[in-house]
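Chemist: Got a structure for you, questions after.
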There are 4 protein chains.
Amino acid sequence: VVILDLDPAVGHEHVGIQLRHLLATFEPTLIMEAHDGLSARVAADAGFRALWASGLCMSTTLGLRDSDEASWTERLTLVARIVEAANLPVLVDGDSGYGNFSTARRFALQAEQIGAAGICIEDKRFPKTNSFVGDNHELAPVGEFCGKIRACRDAARNPAFVVVARTEALIANLGIDEALLRSEAYRLAGADAIFIHSRKPTVEEIVAFMTDWGDRLPVLIAPTTYPQTPMSMYADLGIAGVIWANQGMRAAVKAMRTVCRLLSTEGAGAVEGMIASLDDVFTLMDYAQLTLDEQRYGS
Amino acid sequence: VVILDLDPAVGHEHVGIQLRHLLATFEPTLIMEAHDGLSARVAADAGFRALWASGLCMSTTLGLRDSDEASWTERLTLVARIVEAANLPVLVDGDSGYGNFSTARRFALQAEQIGAAGICIEDKRFPKTNSFVGDNHELAPVGEFCGKIRACRDAARNPAFVVVARTEALIANLGIDEALLRSEAYRLAGADAIFIHSRKPTVEEIVAFMTDWGDRLPVLIAPTTYPQTPMSMYADLGIAGVIWANQGMRAAVKAMRTVCRLLSTEGAGAVEGMIASLDDVFTLMDYAQLTLDEQRYGS
Amino acid sequence: VVILDLDPAVGHEHVGIQLRHLLATFEPTLIMEAHDGLSARVAADAGFRALWASGLCMSTTLGLRDSDEASWTERLTLVARIVEAANLPVLVDGDSGYGNFSTARRFALQAEQIGAAGICIEDKRFPKTNSFVGDNHELAPVGEFCGKIRACRDAARNPAFVVVARTEALIANLGIDEALLRSEAYRLAGADAIFIHSRKPTVEEIVAFMTDWGDRLPVLIAPTTYPQTPMSMYADLGIAGVIWANQGMRAAVKAMRTVCRLLSTEGAGAVEGMIASLDDVFTLMDYAQLTLDEQRYGS
Amino acid sequence: VVILDLDPAVGHEHVGIQLRHLLATFEPTLIMEAHDGLSARVAADAGFRALWASGLCMSTTLGLRDSDEASWTERLTLVARIVEAANLPVLVDGDSGYGNFSTARRFALQAEQIGAAGICIEDKRFPKTNSFVGDNHELAPVGEFCGKIRACRDAARNPAFVVVARTEALIANLGIDEALLRSEAYRLAGADAIFIHSRKPTVEEIVAFMTDWGDRLPVLIAPTTYPQTPMSMYADLGIAGVIWANQGMRAAVKAMRTVCRLLSTEGAGAVEGMIASLDDVFTLMDYAQLTLDEQRYGS
């Protein structure tokens, strides 16, 4: 599991290069979700080397449903915070690209401009529904989606900027063969990596996909519904990146709910043991550096 | 403790009226911090009737220090999410007003425009330092701060919009008398309520303040450093509002750190018990309503 | 032509009410396009009583094409400036609603939150093409568009918020009958007014439409391609609102181009006669008031 | 006058490098103001090779006064449009840095992140007043302002990012010697160029400054109040950059006012000769490219 042992010098390269290196390592890179500056900082502090700006988590942070209720600008405003707070390569969840090749392209260009390492777009229609909700997950025609990939790929100012194609063929119950056909089409259209999404309770679909796919392109997965899979399995399968796609947000939800309940009934004394100290927060945000800076730059 | 028993019909009034009613009740109103749409929704779901858009928590969410590193627009972008997600009166922490009477006034006008119930400004100089950090908390001259209050008060489009004056006299170690003098000056300048801030480990300073202040204006406090005080004490003192100013954010920090550590070492199986289920998240964000709406409005 | 003679007291009502009054007057109300705070202030200063936040002009101001290249948030950020700068009812061009009923609804809710008087959505597919560009203007099914209207209508917090339905039937060359059928369907779905768009060089299509439509709902037009029509014609036809949809932006383009050319070849002396003086700008933005405010609120 | 004859290959370098090259040429580089995507595109189309994101013009576009009424985020949102629309190096007017070294630094970092070539900060106190308004232009202490320069200089991710120090010593009537002393202090603090501002009706102050300053650092000027100076004079003086700081906005104001007046009294026929055609606008924004892209990427 590649979290701690990478060459720190990688930090001086373009973030797209950094992300490409991370996806090219022998073992799967763990990619932690982030949905704002704080979650990004926490993830960086825990040693993660790359972040997933999750559509579900950013929507939830905004107080919205993951059904394209948020505009892409609302999303990218959060991405800018993630990039600034973490100083890590950030892969941005771009849903289905917000309309057509033109909206997808502008989304990609803006993501690159604010410092993201890459974007991921999926082959569902716009507006999409979250992959874990219901059975209404119609896919876009392959050719239409390939146009989006090519438009994003051609538009990137820096060739290192990463364009990931995510297929929802398994979410739409279209089977492994469709997933493979689509992934190959997206590879030929210029995708730099494939995100194969499954919502089965076990890793079986991923195994089936990887057996046939091999190493044509790096593959990303998000084991949300099959969390019990041992990590060694992903290395054996040749997975390039394992995305922990929403666990941080879900931990925050549970913790905030508990604290709200106690604060509304018993008061602040009841929650002291379950919250970070203010000093922890100040350390995480490096308030000490500001004090040093005041001595250096202040009047 | 006023959380559950208010007239639901209050919801049809202007948010400023709602907040004024809540501050006029016999028992202290509990006001929960929120720093994004999600924390606002969680707080509303837990029964809180008013929210505090906390400067510390919003700064931390942005990945920044609570030293006016965030622009007021970055803050208000979060406030807009809080307002939309919670449908509750929101009191917005406006630090020291971002400069002079003119910046404070525009901040207030914009907060009102996006649906906040009121703002709170404090009598520190700009840029400020968080009240729990260090001993460099110089106050602005009384006259200068009164000018900010009057400018905000006069500018509000709706007279119900609430302007709270927060004195940092105790944070600056200037003593109870200075706190009282300043609070009285701010009352005369048009403040609708006083926020008296203390960072002592017990409630003693608040007691001393309230003994002399009486009921000249509603008083708000934030028991961050004196959390063990029994809630009944606040009712006895005649406190109008008790702000839980940062506990939700601190709970999220602790939970996300724990989950990040486990995800980077053991994998997703290790965190299942400590995170909200996806269904919980979907219920909190009311995905079921969208399904109903699709039947009603969809094609 | 209703520009100058309305009751100034109208200003104290909800902007939606103000706009409804303006559309209910005997003579057509002239509605000037605005695309930022400055153009809004200029229009208000010239006596216009209502503004059209034009999609074409806002896109152009952003440096983008009017093909949904801008996100709705980028558009609404401009609308917020227009509302703040003009203190007039603003009708917001919402294109085809950015996707489905759900995106249209959130767009409407956000427009209302920042103080717009209403929105206008059109029955083209998303992403749309500007009505004056090419012949690829496919319309959405009537039922689908009615769902958007109903969703926006039901969602508005204030019942006075205006929802205008714009039909592009004539732009799509579908004929007057289709325009009438669609307009009637939109009326039944809850639209508060109809915007009938034509790109013919004369007013003939509008005349044909109005002859049959009568006064079922107030009708708005934008005489961009038929500017020579005498104003009295619109009154005779019973038009409720005449939108000058892009002339301000186009005047700015021409003037800035001329000045740029001269500045790059001859220097600033050559342009003095064709630019507003700094004092004009300061008067337009009311710098004198700030000086007075400094005396009142400053330290 | 360097507008047309530079090596086009310069476009592949970092924008900071491009701006440095432009300031190092033998003849003064003309730098055109821009305040949104449209004005940036017009300036680029006219052949300018660098842009000045003017504080006065951006404030005016927002409908606000140039007295720090706009937040820095509102300004940078416009800068992002300018950068995207023009594909030219953009120097961003950062007023006095929005507070202290810390706010100035974050402003600089964000400007760099969104693709600006550099920032310019001035040595007035915050909030500032526009240099052409009144006589209340108090300067910050030299040491305090040098701290801001060093903080911005040290924070830039790319060493090519340009930090310009603007002295308002002449605006504050402190004399040439003070302007020279301050400029030298700012040079030693790390400024990459000096902006010497004068509001005299002739170029005399600039001549006096340059005579003593020589070529210690490139010097920028904004001949707003002394527009009649022949361009050859600036070359003779060794000026590096001549900023046309507000003429585009002022041209737009005059043109929009004229058009508004005619539209409110005579109708659209009266303005046809004084506005750009729609085709002109579509050419300027390159709608033809989108049509080609649809053939390439569309479905």
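Starting from 1 in every chain, residues are counted up; chains themselves are A, B, ... following the order of the structure tokens, and ligands are numbered from 1 as listed.
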Check every residue of chain C for an atom within 12 Å of chain A, counting only C-alpha atoms, and provide those that qualify as a short mmCIF file (atom, residue, chain, number, x, y, z; two decimals) with N, CA, C and O atoms, in the first residue's frame.
Modeler:
data_model
loop_
_atom_site.label_atom_id
_atom_site.label_comp_id
_atom_site.auth_asym_id
_atom_site.auth_seq_id
_atom_site.Cartn_x
_atom_site.Cartn_y
_atom_site.Cartn_z
N LEU C 64 -17.32 34.17 -22.73
CA LEU C 64 -17.77 32.84 -23.17
C LEU C 64 -18.85 32.94 -24.23
O LEU C 64 -19.46 33.99 -24.42
N ARG C 65 -19.09 31.81 -24.87
CA ARG C 65 -20.15 31.73 -25.87
C ARG C 65 -21.49 31.42 -25.19
O ARG C 65 -21.53 30.73 -24.17
N ASP C 66 -22.55 31.92 -25.80
CA ASP C 66 -23.90 31.73 -25.28
C ASP C 66 -24.42 30.34 -25.67
O ASP C 66 -25.44 30.20 -26.33
N SER C 67 -23.67 29.34 -25.25
CA SER C 67 -24.03 27.95 -25.55
C SER C 67 -23.93 27.14 -24.26
O SER C 67 -23.44 26.02 -24.26
N ASP C 68 -24.37 27.75 -23.18
CA ASP C 68 -24.26 27.13 -21.87
C ASP C 68 -22.81 26.79 -21.52
O ASP C 68 -22.56 25.83 -20.79
N GLU C 69 -21.88 27.59 -22.02
CA GLU C 69 -20.48 27.41 -21.60
C GLU C 69 -20.28 27.89 -20.17
O GLU C 69 -19.39 27.41 -19.48
N ALA C 70 -21.07 28.87 -19.75
CA ALA C 70 -20.99 29.34 -18.37
C ALA C 70 -21.87 28.47 -17.49
O ALA C 70 -22.94 28.03 -17.90
N SER C 71 -21.44 28.22 -16.29
CA SER C 71 -22.28 27.50 -15.34
C SER C 71 -23.36 28.45 -14.83
O SER C 71 -23.24 29.66 -14.93
N TRP C 72 -24.40 27.88 -14.25
CA TRP C 72 -25.45 28.77 -13.75
C TRP C 72 -24.94 29.62 -12.58
O TRP C 72 -25.40 30.73 -12.37
N THR C 73 -23.97 29.10 -11.85
CA THR C 73 -23.42 29.88 -10.74
C THR C 73 -22.65 31.09 -11.25
O THR C 73 -22.74 32.18 -10.67
N GLU C 74 -21.91 30.91 -12.34
CA GLU C 74 -21.22 32.07 -12.91
C GLU C 74 -22.23 33.13 -13.35
O GLU C 74 -22.00 34.33 -13.17
N ARG C 75 -23.33 32.70 -13.89
CA ARG C 75 -24.38 33.63 -14.28
C ARG C 75 -24.98 34.33 -13.05
O ARG C 75 -25.16 35.56 -13.05
N LEU C 76 -25.30 33.55 -12.03
CA LEU C 76 -25.97 34.14 -10.87
C LEU C 76 -25.05 35.06 -10.09
O LEU C 76 -25.51 35.99 -9.42
N THR C 77 -23.75 34.81 -10.18
CA THR C 77 -22.82 35.74 -9.54
C THR C 77 -22.95 37.12 -10.18
O THR C 77 -22.90 38.15 -9.49
N GLY C 97 -32.75 25.99 -18.49
CA GLY C 97 -32.88 25.46 -17.14
C GLY C 97 -31.76 24.52 -16.74
O GLY C 97 -31.85 23.86 -15.70
N TYR C 98 -30.72 24.40 -17.57
CA TYR C 98 -29.47 23.72 -17.18
C TYR C 98 -29.59 22.23 -16.97
O TYR C 98 -28.76 21.66 -16.28
N GLY C 99 -30.59 21.60 -17.55
CA GLY C 99 -30.66 20.15 -17.44
C GLY C 99 -32.09 19.67 -17.39
O GLY C 99 -32.75 19.54 -18.42
N ASN C 100 -32.58 19.44 -16.18
CA ASN C 100 -33.95 18.95 -16.03
C ASN C 100 -34.74 19.83 -15.06
O ASN C 100 -34.32 20.94 -14.74
N PHE C 101 -35.88 19.36 -14.61
CA PHE C 101 -36.71 20.15 -13.68
C PHE C 101 -35.94 20.47 -12.41
O PHE C 101 -36.15 21.51 -11.78
N SER C 102 -35.05 19.57 -12.01
CA SER C 102 -34.35 19.73 -10.73
C SER C 102 -33.30 20.83 -10.81
O SER C 102 -33.17 21.66 -9.90
N THR C 103 -32.54 20.87 -11.89
CA THR C 103 -31.56 21.95 -12.03
C THR C 103 -32.28 23.28 -12.26
O THR C 103 -31.87 24.31 -11.72
N ALA C 104 -33.35 23.25 -13.05
CA ALA C 104 -34.11 24.48 -13.29
C ALA C 104 -34.65 25.03 -11.97
O ALA C 104 -34.61 26.24 -11.71
N ARG C 105 -35.14 24.14 -11.16
CA ARG C 105 -35.71 24.55 -9.87
C ARG C 105 -34.66 25.15 -8.95
O ARG C 105 -34.89 26.16 -8.29
N ARG C 106 -33.50 24.51 -8.90
CA ARG C 106 -32.47 25.06 -8.02
C ARG C 106 -31.98 26.41 -8.55
O ARG C 106 -31.72 27.33 -7.79
N PHE C 107 -31.88 26.52 -9.85
CA PHE C 107 -31.53 27.81 -10.44
C PHE C 107 -32.55 28.88 -10.02
O PHE C 107 -32.19 29.99 -9.61
N LEU C 109 -34.57 28.88 -7.43
CA LEU C 109 -34.49 29.15 -5.99
C LEU C 109 -33.31 30.05 -5.66
O LEU C 109 -33.42 30.96 -4.83
N GLN C 110 -32.20 29.79 -6.32
CA GLN C 110 -31.03 30.62 -6.03
C GLN C 110 -31.21 32.03 -6.58
O GLN C 110 -30.80 33.01 -5.95
N ARG C 125 -33.57 22.41 -25.83
CA ARG C 125 -32.84 21.38 -25.12
C ARG C 125 -31.58 21.98 -24.50
O ARG C 125 -31.08 23.01 -24.95
N PHE C 126 -31.05 21.28 -23.52
CA PHE C 126 -29.79 21.67 -22.89
C PHE C 126 -28.68 20.77 -23.41
O PHE C 126 -28.89 19.56 -23.50
N PRO C 127 -27.50 21.27 -23.71
CA PRO C 127 -27.13 22.69 -23.80
C PRO C 127 -27.73 23.33 -25.05
O PRO C 127 -27.85 22.68 -26.08
N LYS C 128 -28.08 24.57 -24.92
CA LYS C 128 -28.72 25.30 -25.99
C LYS C 128 -27.69 26.01 -26.87
O LYS C 128 -26.51 26.13 -26.51
N THR C 129 -28.13 26.49 -28.00
CA THR C 129 -27.34 27.38 -28.84
C THR C 129 -28.05 28.72 -28.88
O THR C 129 -29.28 28.77 -28.83
#
Chemist: Within region 47-294 of chain A, find each residue whose DSSP state, derived from the backbone, is strand (DSSP E), and express the selection as a ChimeraX atom specification.
Modeler: /A:51-53,90-93,118-122,162-167,193-196,219-221,241-244
Chemist: Keeping N, CA, C and O atoms for every residue in the selection just given, could you write it to a file as an mmCIF file, in the first residue's frame?
Modeler:
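Contents of part24.cif, freshly written:
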data_model
loop_
_atom_site.group_PDB
_atom_site.id
_atom_site.type_symbol
_atom_site.label_atom_id
_atom_site.label_comp_id
_atom_site.auth_asym_id
_atom_site.auth_seq_id
_atom_site.Cartn_x
_atom_site.Cartn_y
_atom_site.Cartn_z
ATOM 1 N N LEU A 51 -5.664 12.660 -3.608
ATOM 2 C CA LEU A 51 -7.026 12.869 -3.115
ATOM 3 C C LEU A 51 -8.034 12.717 -4.247
ATOM 4 O O LEU A 51 -7.740 12.996 -5.406
ATOM 5 N N TRP A 52 -9.223 12.281 -3.844
ATOM 6 C CA TRP A 52 -10.378 12.163 -4.731
ATOM 7 C C TRP A 52 -11.395 13.218 -4.294
ATOM 8 O O TRP A 52 -11.931 13.132 -3.188
ATOM 9 N N ALA A 53 -11.606 14.221 -5.125
ATOM 10 C CA ALA A 53 -12.626 15.226 -4.832
ATOM 11 C C ALA A 53 -13.964 14.627 -5.229
ATOM 12 O O ALA A 53 -14.414 14.754 -6.370
ATOM 13 N N VAL A 90 -4.839 16.107 -6.875
ATOM 14 C CA VAL A 90 -6.276 15.929 -6.637
ATOM 15 C C VAL A 90 -6.936 15.488 -7.944
ATOM 16 O O VAL A 90 -6.798 16.162 -8.970
ATOM 17 N N LEU A 91 -7.631 14.363 -7.884
ATOM 18 C CA LEU A 91 -8.427 13.882 -9.012
ATOM 19 C C LEU A 91 -9.872 14.294 -8.758
ATOM 20 O O LEU A 91 -10.443 13.952 -7.722
ATOM 21 N N VAL A 92 -10.458 15.009 -9.715
ATOM 22 C CA VAL A 92 -11.759 15.633 -9.490
ATOM 23 C C VAL A 92 -12.867 14.836 -10.161
ATOM 24 O O VAL A 92 -12.839 14.601 -11.374
ATOM 25 N N ASP A 93 -13.834 14.464 -9.382
ATOM 26 C CA ASP A 93 -15.035 13.781 -9.865
ATOM 27 C C ASP A 93 -15.892 14.784 -10.636
ATOM 28 O O ASP A 93 -16.402 15.743 -10.060
ATOM 29 N N GLY A 118 -6.177 16.121 -12.291
ATOM 30 C CA GLY A 118 -6.947 15.490 -13.348
ATOM 31 C C GLY A 118 -8.423 15.487 -13.024
ATOM 32 O O GLY A 118 -8.845 15.913 -11.949
ATOM 33 N N ILE A 119 -9.197 15.027 -13.986
ATOM 34 C CA ILE A 119 -10.635 14.883 -13.777
ATOM 35 C C ILE A 119 -11.035 13.458 -14.129
ATOM 36 O O ILE A 119 -10.336 12.755 -14.863
ATOM 37 N N CYS A 120 -12.190 13.074 -13.616
ATOM 38 C CA CYS A 120 -12.802 11.793 -13.966
ATOM 39 C C CYS A 120 -14.221 12.085 -14.408
ATOM 40 O O CYS A 120 -14.970 12.762 -13.704
ATOM 41 N N ILE A 121 -14.575 11.624 -15.598
ATOM 42 C CA ILE A 121 -15.966 11.746 -16.030
ATOM 43 C C ILE A 121 -16.534 10.356 -16.288
ATOM 44 O O ILE A 121 -15.801 9.427 -16.630
ATOM 45 N N GLU A 122 -17.823 10.225 -16.098
ATOM 46 C CA GLU A 122 -18.474 8.923 -16.205
ATOM 47 C C GLU A 122 -19.470 8.913 -17.357
ATOM 48 O O GLU A 122 -19.947 9.964 -17.794
ATOM 49 N N VAL A 162 -4.507 14.675 -16.130
ATOM 50 C CA VAL A 162 -5.031 13.319 -16.250
ATOM 51 C C VAL A 162 -6.537 13.329 -16.542
ATOM 52 O O VAL A 162 -7.288 14.056 -15.887
ATOM 53 N N VAL A 163 -6.947 12.544 -17.531
ATOM 54 C CA VAL A 163 -8.373 12.380 -17.826
ATOM 55 C C VAL A 163 -8.735 10.906 -17.591
ATOM 56 O O VAL A 163 -8.260 10.022 -18.312
ATOM 57 N N VAL A 164 -9.541 10.678 -16.576
ATOM 58 C CA VAL A 164 -9.973 9.325 -16.238
ATOM 59 C C VAL A 164 -11.387 9.109 -16.765
ATOM 60 O O VAL A 164 -12.251 9.969 -16.579
ATOM 61 N N ALA A 165 -11.605 7.964 -17.425
ATOM 62 C CA ALA A 165 -12.952 7.611 -17.901
ATOM 63 C C ALA A 165 -13.542 6.574 -16.959
ATOM 64 O O ALA A 165 -12.929 5.542 -16.701
ATOM 65 N N ARG A 166 -14.711 6.882 -16.447
ATOM 66 C CA ARG A 166 -15.380 5.957 -15.536
ATOM 67 C C ARG A 166 -16.566 5.345 -16.240
ATOM 68 O O ARG A 166 -17.403 6.055 -16.795
ATOM 69 N N THR A 167 -16.614 4.035 -16.237
ATOM 70 C CA THR A 167 -17.788 3.405 -16.842
ATOM 71 C C THR A 167 -18.730 2.915 -15.753
ATOM 72 O O THR A 167 -18.316 2.342 -14.739
ATOM 73 N N ALA A 193 -6.731 6.625 -17.777
ATOM 74 C CA ALA A 193 -6.995 5.548 -16.821
ATOM 75 C C ALA A 193 -8.484 5.246 -16.874
ATOM 76 O O ALA A 193 -9.277 6.061 -17.372
ATOM 77 N N ILE A 194 -8.838 4.070 -16.376
ATOM 78 C CA ILE A 194 -10.241 3.640 -16.328
ATOM 79 C C ILE A 194 -10.659 3.506 -14.866
ATOM 80 O O ILE A 194 -9.908 2.988 -14.044
ATOM 81 N N PHE A 195 -11.841 4.021 -14.563
ATOM 82 C CA PHE A 195 -12.445 3.822 -13.241
ATOM 83 C C PHE A 195 -13.608 2.857 -13.477
ATOM 84 O O PHE A 195 -14.578 3.200 -14.149
ATOM 85 N N ILE A 196 -13.470 1.630 -12.942
ATOM 86 C CA ILE A 196 -14.553 0.655 -13.089
ATOM 87 C C ILE A 196 -15.326 0.612 -11.766
ATOM 88 O O ILE A 196 -14.762 0.324 -10.721
ATOM 89 N N VAL A 219 -6.135 1.098 -13.696
ATOM 90 C CA VAL A 219 -7.542 0.972 -13.297
ATOM 91 C C VAL A 219 -7.730 1.463 -11.864
ATOM 92 O O VAL A 219 -6.950 1.128 -10.968
ATOM 93 N N LEU A 220 -8.790 2.264 -11.687
ATOM 94 C CA LEU A 220 -9.173 2.763 -10.368
ATOM 95 C C LEU A 220 -10.472 2.097 -9.942
ATOM 96 O O LEU A 220 -11.338 1.825 -10.782
ATOM 97 N N ILE A 221 -10.611 1.867 -8.653
ATOM 98 C CA ILE A 221 -11.866 1.347 -8.110
ATOM 99 C C ILE A 221 -12.218 2.104 -6.836
ATOM 100 O O ILE A 221 -11.379 2.786 -6.253
ATOM 101 N N GLY A 241 -5.274 2.217 -8.437
ATOM 102 C CA GLY A 241 -5.688 3.150 -7.394
ATOM 103 C C GLY A 241 -6.951 2.691 -6.699
ATOM 104 O O GLY A 241 -7.930 2.334 -7.360
ATOM 105 N N VAL A 242 -6.919 2.699 -5.378
ATOM 106 C CA VAL A 242 -8.094 2.364 -4.570
ATOM 107 C C VAL A 242 -8.600 3.651 -3.948
ATOM 108 O O VAL A 242 -7.889 4.295 -3.165
ATOM 109 N N ILE A 243 -9.815 4.022 -4.315
ATOM 110 C CA ILE A 243 -10.396 5.278 -3.840
ATOM 111 C C ILE A 243 -11.287 5.005 -2.632
ATOM 112 O O ILE A 243 -12.263 4.255 -2.740
ATOM 113 N N TRP A 244 -10.925 5.594 -1.501
ATOM 114 C CA TRP A 244 -11.857 5.564 -0.356
ATOM 115 C C TRP A 244 -12.793 6.750 -0.567
ATOM 116 O O TRP A 244 -12.496 7.872 -0.204
#
Chemist: With a distance cut-off of 8 Å and only C-alpha atoms, select the neighbouring residues of Leu170 (chain D), excluding the residue or stretch itself and same-chain residues fewer than 5 positions from it, and output the selection as a JSON list (two decimals) with N, CA and C atoms, in the first residue's frame.
Modeler:
[["chain", "number", "residue", "atom", "x", "y", "z"],
["D", 175, "GLY", "N", 6.05, 64.08, -2.16],
["D", 175, "GLY", "CA", 7.22, 64.55, -2.90],
["D", 175, "GLY", "C", 8.04, 63.44, -3.53],
["D", 176, "ILE", "N", 8.86, 63.85, -4.48],
["D", 176, "ILE", "CA", 9.67, 62.93, -5.25],
["D", 176, "ILE", "C", 10.66, 62.16, -4.36],
["D", 179, "ALA", "N", 9.02, 59.35, -2.71],
["D", 179, "ALA", "CA", 8.72, 58.31, -3.72],
["D", 179, "ALA", "C", 9.96, 57.50, -4.03],
["D", 197, "HIS", "N", 2.91, 56.29, -9.34],
["D", 197, "HIS", "CA", 1.61, 56.85, -9.72],
["D", 197, "HIS", "C", 1.61, 58.36, -9.50],
["D", 198, "SER", "N", 1.10, 59.07, -10.49],
["D", 198, "SER", "CA", 0.98, 60.53, -10.40],
["D", 198, "SER", "C", -0.39, 60.94, -10.89],
["D", 199, "ARG", "N", -0.95, 61.96, -10.28],
["D", 199, "ARG", "CA", -2.23, 62.46, -10.79],
["D", 199, "ARG", "C", -2.12, 63.92, -11.24],
["D", 205, "GLU", "N", 6.06, 64.92, -12.88],
["D", 205, "GLU", "CA", 6.50, 64.13, -11.73],
["D", 205, "GLU", "C", 7.20, 62.84, -12.17]]
Chemist: Taking a cut-off of 10 Å and counting only C-alpha atoms, can you build a table that, for each residue of region 90-208 of chain A near region 271-291 of chain B, reports the nearest atom pair and how far apart they are in Å (one decimal), sorted by chain then residue number, as CSV?
Modeler:
residue,atom,partner,partner_atom,distance
A:Asn130,CA,B:Tyr287,CA,9.9
A:Phe132,CA,B:Leu278,CA,8.2
A:Val133,CA,B:Tyr287,CA,8.5
A:Gly134,CA,B:Thr291,CA,9.2
Chemist: Quick check, in Å to one decimal: how far apart do CA of Phe145 (chain A) and CA of Asp123 (chain A) lie?
Modeler: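 Straight-line distance from CA of Phe145 (chain A) to CA of Asp123 (chain A) works out to 6.0 Å.
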Chemist: Env of Thr211 (chain D): 10 Å cut, atoms = only C-alpha atoms, seq-sep filter 5 positions within chain, self excluded. Answer as a short mmCIF file (atom, residue, chain, number, x, y, z; two decimals) with all heavy atoms, in the first residue's frame.
Modeler:
data_model
loop_
_atom_site.label_atom_id
_atom_site.label_comp_id
_atom_site.auth_asym_id
_atom_site.auth_seq_id
_atom_site.Cartn_x
_atom_site.Cartn_y
_atom_site.Cartn_z
N GLU D 205 6.06 64.92 -12.88
CA GLU D 205 6.50 64.13 -11.73
C GLU D 205 7.20 62.84 -12.17
O GLU D 205 8.16 62.39 -11.55
CB GLU D 205 5.31 63.77 -10.82
CG GLU D 205 4.83 64.94 -9.97
CD GLU D 205 3.70 64.53 -9.02
OE1 GLU D 205 3.00 63.52 -9.30
OE2 GLU D 205 3.50 65.21 -8.01
N ILE D 206 6.67 62.24 -13.23
CA ILE D 206 7.28 61.01 -13.74
C ILE D 206 8.70 61.29 -14.24
O ILE D 206 9.64 60.53 -13.98
CB ILE D 206 6.41 60.42 -14.87
CG1 ILE D 206 4.97 60.19 -14.38
CG2 ILE D 206 7.03 59.13 -15.40
CD1 ILE D 206 4.80 59.24 -13.24
N LEU D 237 12.19 58.21 -21.55
CA LEU D 237 12.38 58.16 -20.10
C LEU D 237 12.80 56.77 -19.62
O LEU D 237 13.20 56.60 -18.48
CB LEU D 237 11.08 58.55 -19.39
CG LEU D 237 10.69 60.04 -19.46
CD1 LEU D 237 9.28 60.22 -18.89
CD2 LEU D 237 11.69 60.88 -18.65
N GLY D 238 12.66 55.78 -20.49
CA GLY D 238 13.01 54.42 -20.08
C GLY D 238 11.89 53.71 -19.31
O GLY D 238 12.14 52.77 -18.56
#
Chemist: Which of region 71-113 of chain A end up as alpha helix (DSSP H) when DSSP is run on this backbone - answer as a list in words?
Modeler: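 Answer for region 71-113 of chain A restricted to alpha helix (DSSP H) is Trp72, Thr73, Glu74, Arg75, Leu76, Thr77, Leu78, Val79, Ala80, Arg81, Ile82, Val83, Glu84, Ala85, Ala86, Phe101, Ser102, Thr103, Ala104, Arg105, Arg106, Phe107, Ala108, Leu109, Gln110, Ala111, Glu112 and Gln113 of chain A.
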Chemist: For Pro28 (chain B), find every residue with an atom within 8 Å (counting only C-alpha atoms), except residues of its own chain fewer than 2 positions away, and show them as a list in words.
Modeler: Val1, Val2, Leu23, Thr25, Phe26, Leu30, Tyr234, Ala235, Gly238, Ile239, Ala240, Gly241 and Val242 of chain B
Chemist: Keeping only C-alpha atoms, take the residues you just selected and write them out as a compact mmCIF listing (two decimals), in the first residue's frame.
Modeler:
# COMPACT_ATOMS: atom_id res chain seq x y z
CA VAL B 1 -33.50 24.53 26.97
CA VAL B 2 -35.44 25.77 23.97
CA LEU B 23 -33.59 35.33 21.80
CA THR B 25 -37.72 33.34 25.20
CA PHE B 26 -37.49 32.73 28.92
CA LEU B 30 -29.21 26.76 22.02
CA TYR B 234 -27.37 29.95 31.94
CA ALA B 235 -31.10 30.13 32.50
CA GLY B 238 -30.75 35.25 32.02
CA ILE B 239 -28.58 34.32 29.04
CA ALA B 240 -30.58 34.63 25.81
CA GLY B 241 -28.47 32.40 23.62
CA VAL B 242 -25.87 29.71 24.21
Chemist: Using CA of Gly269 (chain D) and CA of Lys254 (chain C) as the two end points, give the distance in Å to one decimal.
Modeler: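 If I compute the distance from CA of Gly269 (chain D) to CA of Lys254 (chain C), I get 16.7 Å.
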Chemist: Looking at C:Arg187, C:Gln295, C:Glu84, C:Thr61, which one is nearest to Arg157 (chain B), with distances taken over only C-alpha atoms?
Modeler: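 Answer, going by the shortest atom-to-atom distance: C:Glu84.
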